[in-house]
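Peer 1: Please find start.txt (compact mmCIF, C-alpha atoms and all ligand atoms) on the next line:
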```txt
# COMPACT_ATOMS: atom_id res chain seq x y z
CA MET A 1 -28.19 29.37 -6.80
CA PRO A 2 -24.76 28.10 -5.76
CA ARG A 3 -22.92 25.65 -7.97
CA PRO A 4 -24.70 22.37 -7.25
CA ILE A 5 -21.77 20.33 -5.93
CA LEU A 6 -22.30 19.31 -2.31
CA ALA A 7 -20.72 17.00 0.26
CA THR A 8 -22.97 15.48 2.91
CA VAL A 9 -21.85 13.67 6.06
CA HIS A 10 -24.13 10.93 7.44
CA PRO A 11 -23.93 10.71 11.25
CA ASP A 12 -26.10 7.57 11.30
CA ALA A 13 -23.59 5.81 9.08
CA LEU A 14 -20.75 6.80 11.43
CA ARG A 15 -22.73 5.42 14.38
CA SER A 16 -23.52 2.21 12.54
CA ASN A 17 -19.90 1.72 11.40
CA LEU A 18 -18.66 2.30 14.94
CA ASN A 19 -21.08 -0.37 16.17
CA GLN A 20 -19.66 -2.76 13.59
CA ALA A 21 -16.22 -2.29 15.14
CA ARG A 22 -17.65 -2.96 18.60
CA GLU A 23 -19.17 -6.20 17.35
CA ARG A 24 -15.88 -7.34 15.88
CA ALA A 25 -13.82 -6.31 18.89
CA PRO A 26 -16.31 -6.62 21.76
CA ASP A 27 -13.73 -6.48 24.55
CA ALA A 28 -11.67 -3.61 23.18
CA LYS A 29 -12.08 0.13 23.52
CA VAL A 30 -12.27 1.98 20.21
CA TRP A 31 -10.18 4.92 19.12
CA ALA A 32 -12.04 6.81 16.43
CA VAL A 33 -9.19 7.96 14.19
CA VAL A 34 -10.03 11.50 13.11
CA LYS A 35 -6.70 12.66 11.70
CA ALA A 36 -6.76 14.74 8.51
CA ASN A 37 -9.92 16.47 9.70
CA ALA A 38 -11.72 13.17 10.11
CA TYR A 39 -10.53 11.84 6.74
CA GLY A 40 -11.90 14.95 5.04
CA HIS A 41 -15.35 14.74 6.65
CA GLY A 42 -14.76 17.48 9.23
CA ILE A 43 -14.20 16.78 12.92
CA GLU A 44 -17.09 18.96 14.03
CA ARG A 45 -19.47 17.36 11.51
CA CYS A 46 -18.47 13.85 12.67
CA PHE A 47 -18.39 14.48 16.38
CA ASP A 48 -21.98 13.62 17.12
CA GLY A 49 -21.85 10.41 15.07
CA LEU A 50 -18.63 9.32 16.79
CA ARG A 51 -19.16 10.52 20.34
CA ALA A 52 -19.83 6.94 21.50
CA ALA A 53 -16.16 6.13 20.77
CA ASP A 54 -13.89 5.60 23.78
CA GLY A 55 -11.32 8.06 22.49
CA PHE A 56 -10.16 10.05 19.49
CA ALA A 57 -6.81 9.54 17.78
CA LEU A 58 -5.22 12.21 15.58
CA LEU A 59 -1.96 13.99 14.79
CA ASP A 60 -2.47 17.75 15.00
CA PHE A 61 -2.66 19.85 18.13
CA ASP A 62 -5.12 22.10 16.36
CA GLU A 63 -7.47 19.14 15.89
CA ALA A 64 -7.03 18.06 19.51
CA GLN A 65 -7.92 21.58 20.58
CA ARG A 66 -11.05 21.50 18.42
CA LEU A 67 -12.18 18.28 20.13
CA ARG A 68 -11.68 19.86 23.55
CA ALA A 69 -13.66 22.88 22.30
CA LEU A 70 -16.50 20.45 21.50
CA ASP A 71 -16.34 19.58 25.19
CA TRP A 72 -14.83 16.14 24.61
CA ARG A 73 -13.32 15.31 28.01
CA GLY A 74 -12.30 11.73 27.22
CA PRO A 75 -9.02 10.35 25.86
CA ILE A 76 -7.25 11.93 22.90
CA LEU A 77 -4.17 10.20 21.51
CA LEU A 78 -1.53 11.90 19.37
CA LEU A 79 -0.50 9.18 16.92
CA GLU A 80 2.84 10.79 16.03
CA GLY A 81 3.42 12.16 19.52
CA THR A 82 5.27 15.41 20.10
CA PHE A 83 7.28 17.21 17.43
CA GLU A 84 9.26 19.50 19.74
CA PRO A 85 9.72 19.90 23.52
CA ARG A 86 7.17 22.62 24.06
CA ASP A 87 4.42 20.40 22.61
CA LEU A 88 4.51 18.70 26.01
CA GLU A 89 3.04 21.82 27.59
CA LEU A 90 0.02 21.49 25.31
CA CYS A 91 -0.20 17.79 26.19
CA SER A 92 -0.30 18.73 29.87
CA ARG A 93 -2.79 21.55 29.33
CA LEU A 94 -5.18 19.65 27.02
CA HIS A 95 -4.61 16.36 28.79
CA LEU A 96 -3.44 14.56 25.65
CA TRP A 97 -2.01 11.08 25.60
CA HIS A 98 0.90 10.79 23.22
CA THR A 99 2.82 8.22 21.26
CA VAL A 100 6.53 7.93 22.04
CA HIS A 101 8.51 6.56 19.12
CA THR A 102 12.00 8.16 19.36
CA THR A 103 14.63 8.70 22.04
CA GLU A 104 14.31 12.46 21.47
CA GLN A 105 10.72 12.35 22.68
CA ILE A 106 11.88 10.59 25.86
CA ASP A 107 14.60 13.27 26.37
CA TRP A 108 11.95 16.00 26.05
CA LEU A 109 9.72 14.23 28.59
CA ALA A 110 12.62 13.87 31.02
CA ALA A 111 13.15 17.64 30.87
CA HIS A 112 9.44 18.51 31.04
CA LYS A 113 8.07 20.19 34.16
CA THR A 114 4.54 19.05 34.85
CA GLN A 115 2.21 18.61 37.80
CA LEU A 116 0.25 15.94 35.96
CA PRO A 117 2.26 12.94 34.81
CA HIS A 118 1.51 11.82 31.25
CA ARG A 119 0.02 8.71 29.74
CA VAL A 120 2.19 7.56 26.83
CA PHE A 121 1.90 4.92 24.13
CA LEU A 122 5.31 3.42 23.45
CA LYS A 123 5.53 2.38 19.84
CA LEU A 124 7.28 -0.72 18.61
CA ASN A 125 8.57 -0.90 15.07
CA SER A 126 7.52 -4.49 14.47
CA GLY A 127 8.52 -4.47 10.81
CA MET A 128 6.81 -1.61 9.04
CA ASN A 129 9.90 0.56 9.48
CA ARG A 130 8.07 3.82 9.75
CA LEU A 131 7.73 4.94 13.38
CA GLY A 132 8.86 3.19 16.53
CA PHE A 133 11.67 1.54 18.47
CA THR A 134 13.16 -1.64 17.08
CA PRO A 135 12.58 -4.79 19.13
CA THR A 136 16.13 -4.57 20.51
CA ALA A 137 15.76 -0.92 21.59
CA PHE A 138 12.20 -1.29 22.92
CA ARG A 139 13.01 -2.59 26.40
CA ALA A 140 15.49 0.16 27.17
CA ALA A 141 12.99 2.79 26.02
CA TRP A 142 10.33 1.23 28.24
CA ALA A 143 12.66 1.14 31.26
CA ARG A 144 13.67 4.76 30.75
CA LEU A 145 10.05 5.91 30.54
CA ASN A 146 9.12 3.77 33.51
CA ALA A 147 11.71 5.57 35.63
CA LEU A 148 10.47 9.07 34.76
CA PRO A 149 8.28 10.92 37.26
CA GLN A 150 6.71 12.69 34.25
CA VAL A 151 5.19 9.39 33.09
CA GLU A 152 2.16 7.94 34.79
CA GLU A 153 1.31 4.99 32.58
CA ILE A 154 2.90 3.27 29.59
CA SER A 155 0.82 1.54 26.95
CA LEU A 156 2.20 -0.59 24.15
CA MET A 157 1.53 0.00 20.50
CA THR A 158 2.45 -1.14 17.01
CA HIS A 159 1.11 -0.66 13.48
CA PHE A 160 0.63 -3.19 10.68
CA SER A 161 1.89 -2.77 7.13
CA ASP A 162 -0.10 -5.62 5.53
CA ALA A 163 -3.29 -6.21 7.52
CA ASP A 164 -5.24 -5.72 4.27
CA GLY A 165 -3.16 -7.97 2.06
CA PRO A 166 -1.65 -11.37 1.40
CA ARG A 167 1.49 -10.96 3.53
CA GLY A 168 -0.69 -10.54 6.60
CA ILE A 169 0.36 -9.74 10.13
CA ALA A 170 1.81 -12.92 11.65
CA HIS A 171 5.43 -11.75 11.45
CA GLN A 172 4.59 -8.45 13.12
CA VAL A 173 2.46 -10.09 15.80
CA ALA A 174 5.37 -12.42 16.61
CA ALA A 175 7.72 -9.43 16.89
CA PHE A 176 5.25 -7.61 19.14
CA GLU A 177 4.78 -10.61 21.42
CA ALA A 178 8.52 -11.21 21.70
CA ALA A 179 9.13 -7.58 22.65
CA THR A 180 6.19 -7.02 24.98
CA ALA A 181 4.64 -10.27 26.28
CA ASP A 182 5.84 -9.84 29.88
CA LEU A 183 5.43 -6.05 30.08
CA PRO A 184 2.46 -4.54 31.88
CA GLY A 185 0.24 -1.96 30.21
CA GLU A 186 -2.60 -1.67 27.74
CA ARG A 187 -1.98 -2.74 24.17
CA THR A 188 -3.15 -1.46 20.79
CA LEU A 189 -2.34 -3.01 17.43
CA CYS A 190 -5.34 -3.02 15.07
CA ASN A 191 -6.19 -0.52 12.33
CA SER A 192 -9.39 -0.97 10.28
CA ALA A 193 -8.05 -3.79 8.14
CA ALA A 194 -6.86 -5.70 11.20
CA ILE A 195 -10.18 -5.09 13.01
CA LEU A 196 -12.11 -6.48 10.06
CA ARG A 197 -9.82 -9.36 9.17
CA HIS A 198 -7.87 -10.36 12.26
CA ALA A 199 -9.42 -8.95 15.46
CA GLY A 200 -10.22 -12.37 16.91
CA SER A 201 -6.83 -14.00 16.28
CA PRO A 202 -4.79 -14.80 19.37
CA LEU A 203 -2.34 -12.44 21.05
CA ARG A 204 -0.03 -13.38 23.89
CA GLY A 205 0.46 -10.65 26.48
CA GLU A 206 -0.52 -9.44 29.90
CA GLY A 207 -4.29 -9.05 30.23
CA VAL A 208 -5.13 -9.80 26.58
CA THR A 209 -6.04 -12.87 24.55
CA THR A 210 -6.96 -11.52 21.13
CA LEU A 211 -5.38 -9.14 18.69
CA ALA A 212 -8.10 -6.57 19.37
CA ALA A 213 -6.36 -6.25 22.76
CA ASP A 214 -7.27 -3.20 24.89
CA TRP A 215 -7.81 -0.63 22.15
CA VAL A 216 -8.42 -0.79 18.41
CA ARG A 217 -7.68 2.19 16.17
CA GLU A 218 -10.37 2.52 13.53
CA GLY A 219 -10.11 5.00 10.67
CA ILE A 220 -11.32 4.25 7.15
CA ALA A 221 -13.96 1.69 8.18
CA LEU A 222 -15.71 4.33 10.32
CA TYR A 223 -16.12 6.37 7.18
CA GLY A 224 -17.46 3.43 5.21
CA GLY A 225 -14.38 2.48 3.21
CA ALA A 226 -13.23 -1.13 2.85
CA PRO A 227 -9.48 -1.14 3.57
CA ASP A 228 -9.07 -4.26 1.45
CA HIS A 229 -11.10 -3.28 -1.63
CA PRO A 230 -11.48 -4.81 -4.21
CA GLU A 231 -10.89 -8.13 -2.45
CA GLN A 232 -13.74 -7.17 -0.10
CA THR A 233 -16.43 -4.50 -0.28
CA ALA A 234 -17.75 -2.06 2.27
CA ALA A 235 -21.23 -3.58 1.99
CA GLY A 236 -19.72 -7.03 2.49
CA TRP A 237 -18.20 -5.77 5.75
CA GLY A 238 -21.53 -4.20 6.76
CA LEU A 239 -20.23 -0.65 6.38
CA GLN A 240 -22.21 2.36 5.19
CA PRO A 241 -20.84 5.42 3.40
CA ALA A 242 -20.37 8.34 5.80
CA MET A 243 -19.94 10.85 2.97
CA THR A 244 -21.91 11.53 -0.17
CA LEU A 245 -20.44 13.75 -2.88
CA SER A 246 -23.22 14.88 -5.17
CA THR A 247 -23.86 17.40 -7.92
CA ARG A 248 -26.21 17.94 -10.86
CA VAL A 249 -26.19 17.75 -14.62
CA ILE A 250 -25.63 21.30 -15.93
CA GLY A 251 -25.58 20.55 -19.66
CA VAL A 252 -26.38 17.83 -22.18
CA GLN A 253 -24.82 17.06 -25.58
CA SER A 254 -26.13 14.70 -28.23
CA LEU A 255 -23.27 12.97 -30.02
CA GLN A 256 -23.07 11.26 -33.40
CA ALA A 257 -20.82 8.29 -34.04
CA GLY A 258 -17.26 9.60 -34.35
CA ASP A 259 -17.80 12.69 -32.19
CA THR A 260 -15.22 13.16 -29.44
CA VAL A 261 -15.54 14.52 -25.93
CA GLY A 262 -13.44 16.89 -23.87
CA TYR A 263 -9.72 17.64 -23.64
CA GLY A 264 -7.49 15.44 -25.71
CA SER A 265 -10.58 13.97 -27.39
CA ALA A 266 -10.06 11.07 -25.02
CA PHE A 267 -13.49 9.54 -25.74
CA THR A 268 -15.05 8.88 -29.15
CA ALA A 269 -18.73 7.97 -29.51
CA GLU A 270 -19.22 4.69 -31.35
CA ARG A 271 -22.92 5.37 -31.95
CA PRO A 272 -25.37 8.21 -31.35
CA MET A 273 -25.62 8.89 -27.62
CA ARG A 274 -26.35 11.61 -25.09
CA ILE A 275 -23.84 12.72 -22.52
CA GLY A 276 -24.40 14.84 -19.41
CA VAL A 277 -21.98 17.53 -18.30
CA ILE A 278 -21.79 17.62 -14.50
CA ALA A 279 -20.56 20.30 -12.10
CA CYS A 280 -17.58 18.54 -10.54
CA GLY A 281 -13.95 18.37 -11.54
CA TYR A 282 -10.49 17.83 -10.17
CA ALA A 283 -10.59 21.25 -8.49
CA ASP A 284 -13.34 19.76 -6.31
CA GLY A 285 -11.11 16.84 -5.37
CA TYR A 286 -12.43 14.33 -7.89
CA PRO A 287 -9.46 12.31 -9.21
CA ARG A 288 -8.25 13.57 -12.59
CA HIS A 289 -6.97 10.08 -13.37
CA ALA A 290 -10.46 8.54 -13.25
CA PRO A 291 -10.70 7.06 -16.76
CA THR A 292 -13.64 6.44 -19.08
CA GLY A 293 -15.67 3.75 -17.35
CA THR A 294 -15.34 5.06 -13.80
CA PRO A 295 -18.75 4.48 -12.16
CA VAL A 296 -21.11 7.35 -11.33
CA LEU A 297 -24.84 7.50 -10.51
CA VAL A 298 -27.24 9.74 -12.43
CA SER A 299 -30.74 9.89 -10.91
CA GLY A 300 -29.61 6.92 -8.83
CA MET A 301 -28.80 4.84 -11.91
CA ARG A 302 -25.33 3.53 -12.47
CA THR A 303 -23.46 4.81 -15.50
CA ARG A 304 -19.89 5.88 -16.31
CA VAL A 305 -17.56 8.78 -16.76
CA VAL A 306 -16.58 9.34 -20.40
CA GLY A 307 -13.55 11.33 -21.52
CA ARG A 308 -11.12 13.28 -19.41
CA VAL A 309 -11.97 14.78 -16.03
CA SER A 310 -11.36 18.52 -16.27
CA MET A 311 -10.98 21.17 -13.59
CA ASP A 312 -14.66 22.00 -13.15
CA MET A 313 -16.57 19.49 -15.23
CA ILE A 314 -16.92 15.79 -15.95
CA THR A 315 -18.86 14.20 -18.80
CA VAL A 316 -21.01 11.15 -18.12
CA ASP A 317 -22.76 8.65 -20.34
CA LEU A 318 -26.56 9.06 -20.32
CA SER A 319 -27.25 6.10 -22.62
CA PRO A 320 -28.13 3.60 -19.83
CA LEU A 321 -30.76 6.06 -18.59
CA ASP A 322 -32.08 6.73 -22.08
CA ALA A 323 -32.26 2.98 -22.76
CA ALA A 324 -34.21 2.45 -19.52
CA GLY A 325 -36.55 5.34 -20.23
CA VAL A 326 -35.32 7.27 -17.19
CA ALA A 327 -35.62 10.99 -17.86
CA ALA A 328 -32.22 12.65 -17.47
CA GLY A 329 -31.25 16.19 -18.30
CA VAL A 330 -30.21 19.49 -16.81
CA GLY A 331 -30.85 19.33 -13.07
CA SER A 332 -30.65 15.53 -12.73
CA GLU A 333 -29.02 14.41 -9.50
CA VAL A 334 -25.50 12.98 -9.84
CA THR A 335 -23.79 10.94 -7.13
CA LEU A 336 -20.00 10.87 -7.43
CA TRP A 337 -19.85 8.56 -4.39
CA GLY A 338 -22.06 7.75 -1.44
CA LYS A 339 -25.86 7.57 -1.35
CA ALA A 340 -28.31 8.78 -4.00
CA THR A 341 -31.69 10.16 -3.00
CA GLY A 342 -33.49 6.91 -3.84
CA GLY A 343 -31.08 4.90 -1.71
CA ALA A 344 -28.71 3.57 -4.39
CA VAL A 345 -25.12 3.45 -3.14
CA LEU A 346 -21.89 4.00 -5.04
CA PRO A 347 -18.99 3.02 -2.77
CA VAL A 348 -16.11 5.50 -2.81
CA ASP A 349 -13.85 2.43 -3.04
CA GLU A 350 -15.08 1.72 -6.57
CA VAL A 351 -14.25 5.21 -7.76
CA ALA A 352 -10.86 5.03 -6.06
CA THR A 353 -10.01 1.68 -7.59
CA ALA A 354 -11.02 2.87 -11.06
CA ALA A 355 -8.74 5.89 -10.61
CA GLY A 356 -5.82 3.81 -9.33
CA THR A 357 -5.96 5.09 -5.78
CA ILE A 358 -7.65 4.33 -2.44
CA ALA A 359 -10.75 5.70 -0.74
CA TYR A 360 -8.61 7.37 1.93
CA GLU A 361 -7.08 9.69 -0.63
CA LEU A 362 -10.36 10.66 -2.27
CA LEU A 363 -12.11 11.40 1.02
CA CYS A 364 -9.19 13.47 2.32
CA ALA A 365 -8.95 15.37 -0.97
CA VAL A 366 -12.44 16.90 -1.13
CA ALA A 367 -11.48 20.48 -1.95
CA PRO A 368 -12.16 23.53 0.22
CA ARG A 369 -14.44 24.96 -2.47
CA VAL A 370 -16.93 22.11 -1.99
CA PRO A 371 -19.65 23.15 0.49
CA PHE A 372 -20.87 20.68 3.06
CA ALA A 373 -24.58 20.26 3.71
CA ALA A 374 -25.76 21.67 7.01
CA PRO A 375 -26.22 18.85 9.51
C1 LIG B 1 -4.25 6.32 10.40
C2 LIG B 1 -3.90 5.35 11.45
C3 LIG B 1 -4.81 4.36 11.83
C4 LIG B 1 -6.12 4.15 11.14
O1 LIG B 1 -5.90 3.46 9.95
P1 LIG B 1 -7.14 2.94 9.05
O2 LIG B 1 -6.50 2.09 8.03
O3 LIG B 1 -7.75 4.16 8.46
O4 LIG B 1 -8.06 2.26 9.98
C5 LIG B 1 -4.45 3.52 12.88
N1 LIG B 1 -3.24 3.65 13.51
C6 LIG B 1 -2.35 4.57 13.15
C7 LIG B 1 -1.05 4.65 13.86
C8 LIG B 1 -2.63 5.44 12.11
O5 LIG B 1 -1.73 6.37 11.75
```
Show this structure as structure tokens.

Peer 2:
Amino acid sequence: MPRPILATVHPDALRSNLNQARERAPDAKVWAVVKANAYGHGIERCFDGLRAADGFALLDFDEAQRLRALDWRGPILLLEGTFEPRDLELCSRLHLWHTVHTTEQIDWLAAHKTQLPHRVFLKLNSGMNRLGFTPTAFRAAWARLNALPQVEEISLMTHFSDADGPRGIAHQVAAFEAATADLPGERTLCNSAAILRHAGSPLRGEGVTTLAADWVREGIALYGGAPDHPEQTAAGWGLQPAMTLSTRVIGVQSLQAGDTVGYGSAFTAERPMRIGVIACGYADGYPRHAPTGTPVLVSGMRTRVVGRVSMDMITVDLSPLDAAGVAAGVGSEVTLWGKATGGAVLPVDEVATAAGTIAYELLCAVAPRVPFAAP
């Protein structure tokens, strides 16, 4: 028997989460963001659940190629655009739309020989100061692209730094409107947090009235993560987990008061208790910084990690199960995040928050040694 750790992707959850986005942004087309191998879920495993999306957004040519190999003929957007001039040949060949965020990328386009002119998304740096042209440089970039025979259509794009938090997006929306209001072209602004929290707020610009605009770009919410946890929860947003990480209890220890557990003796039993040893560790992608108290489900019942996460094993408290008379021992099902067999859910957000990180990182970090269930 293989080691019992297993990751399972839930296509129905992907479909349901995608529908949630459509309800929140009914007039917009939806980019399913599948960068980082669909946030660790696997592009091929997610394709069926996400094929109702209007397009796929990602960063890597390899991933774009894999989508074309799945016979996806619709839009694919490269969120970071091209990295060197010859990438444009792949864009032409695979029919990829690409973000333009630097003058170098415009130079490469101007020198590119193509029969098929390209669709580009011109990115405004509206305040995040990562990618994009500043508001003062934006117009000149637009005019240059507009004059190129290599460019067929220019769309307008920006990205929010604080859609999930208290600073919000008003300052960036104002910068976007000032730079683009009278320009033609489709617009895209919203990531998951903005879709959930701000999609209906007003936007001034050609052909649009709300922030959802022409396209929204949904990542984490498709996979069932709440971008603004712990202020909000996935269930509160109507989202379902698209990944379950599960394993089994492979050993049990009975402790006396004063006994310690694991490396560094980081946990000391205060009274007699049983602990389960489970087949999952940081080499599987579980966060090593998850402290005592991090939630975990055993036989669908909520309990906690105790002691330090090690490379291949984690120790969990069985006392809530023993107190409830729920039999637990070697072979009991353990849910690190996602859905237990009986239907209980442990949101990945809760594990991430306990470990001082975000769901995005945990989902992307599931290690290559973890097998995925066959679809
Ligand atoms: C990753 C990414 C998204 C999706 O972000 P989520 O928070 O996962 O929804 C949207 N837009 C851009 C430019 C991105 O890089």

Peer 1: Residues within 9 Å of range 298-311 of chain A, please, as a PyMOL selection string. Count only C-alpha atoms; anything in the same chain fewer than 5 positions from it doesn't count.

Peer 2: chain A and resi 248-249+260-268+275+280-284+286-293+316-321+326-328+332-336+339-346

Peer 1: Show me which residues are within 7 Å of ligand LIG 1 (chain B) counting all atoms listed in the file, and format the list as number ranges by chain.

Peer 2: A: 33, 35, 79, 159, 190-193, 217-221, 227

Peer 1: As an exercise, work out the distance from CA of Ser155 in chain A to CA of Val120 in chain A in Å and give it to one decimal place.

Peer 2: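 Taking CA of Ser155 in chain A as the start and CA of Val120 in chain A as the end point, the length is 6.2 Å.
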
Peer 1: Compile the contact shell of range 160-177 of chain A as a list in words: residues with an atom at most 8 Å away, counting all atoms listed in the file, same-chain residues fewer than 3 positions apart removed.

Peer 2: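 Here the qualifying residues turn out to be Leu124, Ser126, Gly127, Met128, Pro135, Thr180, Ala181, Leu189, Cys190, Asn191, Ala193, Ala194, Arg197, His198, Leu203, Arg204, Gly205, Pro227 and Asp228 of chain A.
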
Peer 1: Which value, in Å to one decimal, gives the distance between CA of Arg3 in chain A and CA of Ser246 in chain A?

Peer 2: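 Those two atoms sit 11.1 Å apart.
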
Peer 1: Could you please determine the separation between CA of His112 in chain A and CA of Pro85 in chain A in Å, to one decimal place?

Peer 2: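 Interatomic distance, CA of His112 in chain A to CA of Pro85 in chain A: 7.7 Å.
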
Peer 1: Which is closest to Gly258 in chain A among A:Leu70, A:Leu245, A:Met273, A:Ala147, if we use only C-alpha atoms?

Peer 2: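 Residue with the minimum atom-to-atom distance to Gly258 in chain A: A:Met273.
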
Peer 1: Write out as a list of chain:residue names which residues come within 10 Å of Ala57 in chain A when counting only C-alpha atoms, dropping same-chain ones fewer than 3 positions away.

Peer 2: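 That gives A:Val30, A:Trp31, A:Ala32, A:Val33, A:Val34, A:Lys35, A:Ala38, A:Asp60, A:Glu63, A:Ala64, A:Pro75, A:Ile76, A:Leu77, A:Leu78, A:Leu79, A:Glu80, A:Leu96, A:Trp97, A:His98, A:Arg217, A:Glu218, A:Gly219.
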
Peer 1: Would you output that residue set with C-alpha atoms, as a PDB file, in the frame of the given file?

Peer 2:
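Once everything was written out, this is selection-v2.pdb:
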```
ATOM      1  CA  VAL A  30     -12.270   1.980  20.210  1.00  0.00           C
ATOM      2  CA  TRP A  31     -10.180   4.920  19.120  1.00  0.00           C
ATOM      3  CA  ALA A  32     -12.040   6.810  16.430  1.00  0.00           C
ATOM      4  CA  VAL A  33      -9.190   7.960  14.190  1.00  0.00           C
ATOM      5  CA  VAL A  34     -10.030  11.500  13.110  1.00  0.00           C
ATOM      6  CA  LYS A  35      -6.700  12.660  11.700  1.00  0.00           C
ATOM      7  CA  ALA A  38     -11.720  13.170  10.110  1.00  0.00           C
ATOM      8  CA  ASP A  60      -2.470  17.750  15.000  1.00  0.00           C
ATOM      9  CA  GLU A  63      -7.470  19.140  15.890  1.00  0.00           C
ATOM     10  CA  ALA A  64      -7.030  18.060  19.510  1.00  0.00           C
ATOM     11  CA  PRO A  75      -9.020  10.350  25.860  1.00  0.00           C
ATOM     12  CA  ILE A  76      -7.250  11.930  22.900  1.00  0.00           C
ATOM     13  CA  LEU A  77      -4.170  10.200  21.510  1.00  0.00           C
ATOM     14  CA  LEU A  78      -1.530  11.900  19.370  1.00  0.00           C
ATOM     15  CA  LEU A  79      -0.500   9.180  16.920  1.00  0.00           C
ATOM     16  CA  GLU A  80       2.840  10.790  16.030  1.00  0.00           C
ATOM     17  CA  LEU A  96      -3.440  14.560  25.650  1.00  0.00           C
ATOM     18  CA  TRP A  97      -2.010  11.080  25.600  1.00  0.00           C
ATOM     19  CA  HIS A  98       0.900  10.790  23.220  1.00  0.00           C
ATOM     20  CA  ARG A 217      -7.680   2.190  16.170  1.00  0.00           C
ATOM     21  CA  GLU A 218     -10.370   2.520  13.530  1.00  0.00           C
ATOM     22  CA  GLY A 219     -10.110   5.000  10.670  1.00  0.00           C
TER      23      GLY A 219
END
```

Peer 1: So, counting only C-alpha atoms, which residue among A:Val208, A:Leu222, A:Ala110, A:Leu67 is closest to Arg22 in chain A?

Peer 2: A:Leu222

Peer 1: Give me the box for range 248-253 of chain A as AutoDock Vina command-line options, namely the centre and edge lengths in Å to one decimal of a box along x, y and z that holds every listed atom plus 8 Å on each side.

Peer 2:
```
--center_x -25.6 --center_y 19.2 --center_z -18.2 --size_x 17.6 --size_y 20.2 --size_z 30.7
```

Peer 1: May I have the residues at most 10 Å from (-15.6, 14.4, 20.6) in the file's coordinates, counting all atoms listed in the file, as number ranges by chain?

Peer 2: A: 32, 34, 43-44, 46-56, 64, 66-76

Peer 1: Please save C-alpha atoms of the selected residues as a CSV table (one decimal), in the coordinates of the input.

Peer 2:
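Resulting contents of selection_9.csv:
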```
chain,number,residue,atom,x,y,z
A,32,ALA,CA,-12.0,6.8,16.4
A,34,VAL,CA,-10.0,11.5,13.1
A,43,ILE,CA,-14.2,16.8,12.9
A,44,GLU,CA,-17.1,19.0,14.0
A,46,CYS,CA,-18.5,13.8,12.7
A,47,PHE,CA,-18.4,14.5,16.4
A,48,ASP,CA,-22.0,13.6,17.1
A,49,GLY,CA,-21.8,10.4,15.1
A,50,LEU,CA,-18.6,9.3,16.8
A,51,ARG,CA,-19.2,10.5,20.3
A,52,ALA,CA,-19.8,6.9,21.5
A,53,ALA,CA,-16.2,6.1,20.8
A,54,ASP,CA,-13.9,5.6,23.8
A,55,GLY,CA,-11.3,8.1,22.5
A,56,PHE,CA,-10.2,10.0,19.5
A,64,ALA,CA,-7.0,18.1,19.5
A,66,ARG,CA,-11.0,21.5,18.4
A,67,LEU,CA,-12.2,18.3,20.1
A,68,ARG,CA,-11.7,19.9,23.6
A,69,ALA,CA,-13.7,22.9,22.3
A,70,LEU,CA,-16.5,20.4,21.5
A,71,ASP,CA,-16.3,19.6,25.2
A,72,TRP,CA,-14.8,16.1,24.6
A,73,ARG,CA,-13.3,15.3,28.0
A,74,GLY,CA,-12.3,11.7,27.2
A,75,PRO,CA,-9.0,10.4,25.9
A,76,ILE,CA,-7.2,11.9,22.9
```
